[in-house]
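J.: Just passing along the structure, written as structure tokens.
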Amino acid sequence: MPELPEVEITKRILSKHSVNKVIKDIEVRNDNLRYKVSSDFIKIIKGSKIKKILRRSKYILFYLDNNYVVIAHLGMSGKFLLQLNNSNNLLKSSFYFDNAFSKHDHLEFIFSDNTKMIYNDPRRFGFFILDKLSNLKKNKFLRKLGPEPFNKIIQKETTNKMLKSKKNIKNLLMDQTFMSGIGNIYANEILFASSINPNKISSNLNNYETQNLFKNIKIILKKAIKLGGSSIKDFKYLDGKSGKFQNEFKVYNKENLKCPRKGCNGIISRVVSVGRATFFCIKCQK
DNA sequence: CCGTTAACCTGAGAGC
DNA sequence: TGCTCTCAGGTTAACG
């Protein structure tokens, strides 16, 4: 489902409702996620309190008071639902399908105040693993992640890496070891904003293009977070509201439409690169 | 080491 | 209606 902005929004909403709650019990309805939910998952978590929830790249980290951290990834279709005490309805506090499929509610975290946090994931590409707080930096998944896009001090180092890469720039942006958090939608939108052709080989970018690209990475992601992320298909969040950034898409899913750039009357093309739909204007993205 | 491909999985929508 | 086909916000093992 989600890229950095959507995961950030999910994290914020979960933080608001689940921090400082004690996990009374966990019901694992289906442990067959991308990685099998470990057999001691319940044992270790049960009775602990969620101290804080952070995001790293597209991962959500639940810091427990027993020195363990739950590392969750939402894959393509994962989402959280919250069931609050004072309501019979699920608070639509994360991305969900309107006709939520209870058959894909795989994990249910039951808090001591009887509110619930449910993990729903039709495609089951998401996963939950546990690690000790002291081991977090060495964690198999977290250790290979590239820097967060908002990290100011890494730009020089990242630029050097970019100028050495023979990958095309779109695939590089989506490479989580290069920089973490950008997925298919935002890679397309960032490159349009930067007037760079997604097929351009990274090492061929000039100084202006790299500077401009870094600037637009921050602008686009910040704007997306501000607008509550992108809700495509019928994903919604927070009391049934949708994210609003999908209304700002310039090229994603805009095949054959007119290029929205002022003065450019090109047509948006769709090509497939590394198995992912790539949208761009051949006229103004060089 | 590097870059690309296939695979993991379910559901929606298009076309017949 | 129902079948088949394609596509979907991600990651990674395996391959050349």
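Residues are named by chain letter and number: chains run A, B, ... in the order of the structure tokens, numbers start at 1 in each chain, and ligands are numbered from 1 in the order shown.
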If you count only C-alpha atoms (C1' of nucleotides), which residues fall within 12 Å of segment 251-261 of chain A, apart from same-chain ones fewer than 3 positions away, as an NGL selection string?
T.: (:A and (183-195 or 198 or 230 or 232-233 or 245-248 or 264-271 or 276-285)) or (:C and (7-9))
J.: Would you mind exporting C-alpha atoms (C1' of nucleotides) of the selected residues as a PDB file, in the first residue's frame?
T.:
ATOM      1  CA  GLY A 183       7.894   4.241  -3.907  1.00  0.00           C
ATOM      2  CA  ASN A 184       6.320   4.186  -7.330  1.00  0.00           C
ATOM      3  CA  ILE A 185       3.837   7.051  -7.054  1.00  0.00           C
ATOM      4  CA  TYR A 186       6.213   9.569  -5.493  1.00  0.00           C
ATOM      5  CA  ALA A 187       9.132   8.591  -7.732  1.00  0.00           C
ATOM      6  CA  ASN A 188       6.962   9.437 -10.756  1.00  0.00           C
ATOM      7  CA  GLU A 189       5.720  12.701  -9.261  1.00  0.00           C
ATOM      8  CA  ILE A 190       9.146  13.829  -8.016  1.00  0.00           C
ATOM      9  CA  LEU A 191      10.724  13.274 -11.438  1.00  0.00           C
ATOM     10  CA  PHE A 192       7.948  15.191 -13.160  1.00  0.00           C
ATOM     11  CA  ALA A 193       8.404  18.090 -10.741  1.00  0.00           C
ATOM     12  CA  SER A 194      12.136  17.968 -11.538  1.00  0.00           C
ATOM     13  CA  SER A 195      11.617  17.770 -15.339  1.00  0.00           C
ATOM     14  CA  PRO A 198      12.697   8.618 -15.425  1.00  0.00           C
ATOM     15  CA  SER A 230      -2.587   9.589  -1.274  1.00  0.00           C
ATOM     16  CA  ILE A 232      -5.997   5.564  -4.431  1.00  0.00           C
ATOM     17  CA  LYS A 233      -8.704   3.028  -5.167  1.00  0.00           C
ATOM     18  CA  PHE A 245      -2.553  14.093  -2.499  1.00  0.00           C
ATOM     19  CA  GLN A 246      -4.088  11.912  -5.231  1.00  0.00           C
ATOM     20  CA  ASN A 247      -5.789  15.105  -6.415  1.00  0.00           C
ATOM     21  CA  GLU A 248      -2.328  16.568  -6.922  1.00  0.00           C
ATOM     22  CA  CYS A 264       4.073  22.206 -22.567  1.00  0.00           C
ATOM     23  CA  ASN A 265       1.491  20.474 -24.684  1.00  0.00           C
ATOM     24  CA  GLY A 266       2.999  17.016 -24.485  1.00  0.00           C
ATOM     25  CA  ILE A 267       1.063  13.860 -23.674  1.00  0.00           C
ATOM     26  CA  ILE A 268       1.775  11.669 -20.654  1.00  0.00           C
ATOM     27  CA  SER A 269       3.308   8.320 -21.604  1.00  0.00           C
ATOM     28  CA  ARG A 270       3.200   5.085 -19.668  1.00  0.00           C
ATOM     29  CA  VAL A 271       6.080   2.636 -19.908  1.00  0.00           C
ATOM     30  CA  ARG A 276       6.561  -0.873 -12.436  1.00  0.00           C
ATOM     31  CA  ALA A 277       4.328   1.542 -14.313  1.00  0.00           C
ATOM     32  CA  THR A 278       6.270   4.684 -15.141  1.00  0.00           C
ATOM     33  CA  PHE A 279       4.496   7.879 -16.180  1.00  0.00           C
ATOM     34  CA  PHE A 280       6.175  10.909 -17.679  1.00  0.00           C
ATOM     35  CA  CYS A 281       5.995  13.598 -20.315  1.00  0.00           C
ATOM     36  CA  ILE A 282       8.484  12.819 -23.036  1.00  0.00           C
ATOM     37  CA  LYS A 283       8.459  16.449 -24.136  1.00  0.00           C
ATOM     38  CA  CYS A 284       9.380  18.298 -20.941  1.00  0.00           C
ATOM     39  CA  GLN A 285      11.162  15.594 -18.927  1.00  0.00           C
TER      40      GLN A 285
ATOM     41  C1'  DC C   7      -2.951  -4.538 -12.958  1.00  0.00           C
ATOM     42  C1'  DA C   8      -2.063  -2.781  -8.074  1.00  0.00           C
ATOM     43  C1'  DG C   9       1.216   2.322  -3.133  1.00  0.00           C
TER      44       DG C   9
END
J.: Using only C-alpha atoms (C1' of nucleotides), select each residue of chain A with any atom at most 8 Å away from an atom of chain B, and give the selection as a list of chain:residue names.
T.: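 Residues passing the distance filter: A:Arg34, A:Pro122, A:Arg123, A:Arg124, A:Phe125, A:Lys167, A:Val274.
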J.: Using DSSP on the backbone coordinates, identify the residues of segment 44-271 of chain A assigned to strand (DSSP E or B); present them as a ChimeraX atom specification.
T.: /A:49-56,59-64,68-73,79-83,90-91,96,105-111,116-120,127-132,168,201,236-237,241,258,267-271
